[in-house]
Amino acid sequence: MLTKTIFVYDIIILPVLKLSYMGYGKLVILLIMVTLVTLLAFLFFQKRQVDLLMEGKVEMPVDRSGETFSEYYNEQLSTSYEFGGYEYMLVQRSSMNLPIFKSTNFAGVLRRAQGEPTYEKYLEITSNPDSAKNNLYMLWFDNGLFLMMVDQVGAGSGEGTAKVIKIVDKNTELVKCFYYVPEEFDDLEKVKSKLSDRQDSDCLNHTVKVW
């Protein structure tokens, strides 16, 4: 590659530079030649990359933006957790508070035993009405499995009605309901210490199904 570069400079660029001193007309020729040489060098580099790829010496990046994780788009997958020998993964759906470019209408939790290759559907959130678009934001274990979901029924800027649910086997219990403002609940301890402050229908605008 260095030899080719020296050849191009000595045979093409240097003579053109000498000619350019003869007048402005030659400067136009210089610009054209430099552009041409740059293009040729780029094409040579691209060909070399392809050769290396065929030889197995380099790896090209893979675009996974259109793939799905089982039944879900990768963009829907959120935080993963580990409790009691299982790995849990949150799946979110696109909403006003959580805009996701590629999304199904599923919101819930996937689970797999640690060491197993495949996640299975563990928990599904259905919104009533669907326009509430409840999404899971947090999951934790504290003498039982807890989750916090938030709908998009708020004043905007990510606000909504939060519901904390406790899961025991396949039974669910609404523990508390409060108005969610992202800046006020940036960690789990603040969620745990928050008391209920709502008693309206938005606290019940969901159904939780444990598989």
# chains A, B, ... in the order shown; residues from 1 in each chain; ligands from 1

call {"tool": "select_by_dssp", "arguments": {"residues": "range 62-138 of chain A", "states": "strand (DSSP E or B)", "output": "MDAnalysis selection string"}}
result
chainID A and resid 68:69 72:73 77:83 86:91 108:113 120:127 135:138

call {"tool": "residues_around", "arguments": {"residues": "Lys166 in chain A", "least_positions_apart": "6", "cutoff": "8 Å", "atoms": "only C-alpha atoms", "output": "PyMOL selection string"}}
result
chain A and resi 144-147+172-175

call {"tool": "write_last_selection", "arguments": {"atoms": "C-alpha atoms", "output": "mmCIF file, in the first residue's frame"}}
result
data_model
loop_
_atom_site.group_PDB
_atom_site.id
_atom_site.type_symbol
_atom_site.label_atom_id
_atom_site.label_comp_id
_atom_site.auth_asym_id
_atom_site.auth_seq_id
_atom_site.Cartn_x
_atom_site.Cartn_y
_atom_site.Cartn_z
ATOM 1 C CA GLY A 144 -41.490 -11.800 47.095
ATOM 2 C CA LEU A 145 -41.230 -10.522 43.550
ATOM 3 C CA PHE A 146 -42.266 -6.883 43.018
ATOM 4 C CA LEU A 147 -42.671 -4.835 39.885
ATOM 5 C CA THR A 172 -50.848 -10.633 42.109
ATOM 6 C CA GLU A 173 -51.536 -7.869 44.633
ATOM 7 C CA LEU A 174 -51.657 -4.113 44.091
ATOM 8 C CA VAL A 175 -49.397 -2.760 46.855
#

call {"tool": "atom_distance", "arguments": {"atom1": "CA of Val109 in chain A", "atom2": "CA of Lys121 in chain A"}}
result
6.4 Å

call {"tool": "residues_around", "arguments": {"residues": "range 152-157 of chain A", "least_positions_apart": "5", "cutoff": "9 Å", "atoms": "only C-alpha atoms", "output": "ChimeraX atom specification"}}
result
/A:95-98,131-135,179-182,202

call {"tool": "residues_around", "arguments": {"residues": "Glu184 in chain A", "least_positions_apart": "4", "cutoff": "12 Å", "atoms": "only C-alpha atoms", "output": "VMD selection string"}}
result
chain A and resid 158 to 159 178 to 180 188 to 191 193 to 194

call {"tool": "atom_distance", "arguments": {"atom1": "CA of Thr118 in chain A", "atom2": "CA of Met148 in chain A"}}
result
24.5 Å

call {"tool": "residues_around", "arguments": {"residues": "Leu204 in chain A", "least_positions_apart": "4", "cutoff": "10 Å", "atoms": "only C-alpha atoms", "output": "compact mmCIF listing (two decimals) with C-alpha atoms, in the first residue's frame"}}
result
# COMPACT_ATOMS: atom_id res chain seq x y z
CA SER A 127 -53.83 -2.13 29.67
CA ASN A 128 -57.52 -1.29 30.15
CA THR A 161 -49.66 6.68 37.19
CA LYS A 163 -48.56 0.84 40.24
CA LEU A 174 -51.66 -4.11 44.09
CA CYS A 177 -50.45 3.51 43.47
CA GLN A 199 -57.29 6.10 44.57
CA ASP A 200 -58.73 6.66 41.10

call {"tool": "atom_distance", "arguments": {"atom1": "CA of Thr104 in chain A", "atom2": "CA of Gly160 in chain A"}}
result
20.9 Å

call {"tool": "residues_around", "arguments": {"residues": "Phe101 in chain A", "least_positions_apart": "6", "cutoff": "10 Å", "atoms": "only C-alpha atoms", "output": "ChimeraX atom specification"}}
result
/A:65,73,75-76,93-94

call {"tool": "closest_residue", "arguments": {"among": "A:Cys203, A:Leu195, A:Val208, A:Val168", "to": "Ile125 in chain A", "atoms": "only C-alpha atoms"}}
result
A:Val208

call {"tool": "residues_around", "arguments": {"residues": "Glu124 in chain A", "least_positions_apart": "6", "cutoff": "9 Å", "atoms": "only C-alpha atoms", "output": "list in words"}}
result
Phe106, Ala107, Gly108, Val109, Leu110, Thr207, Val208, Lys209, Val210 and Trp211 of chain A
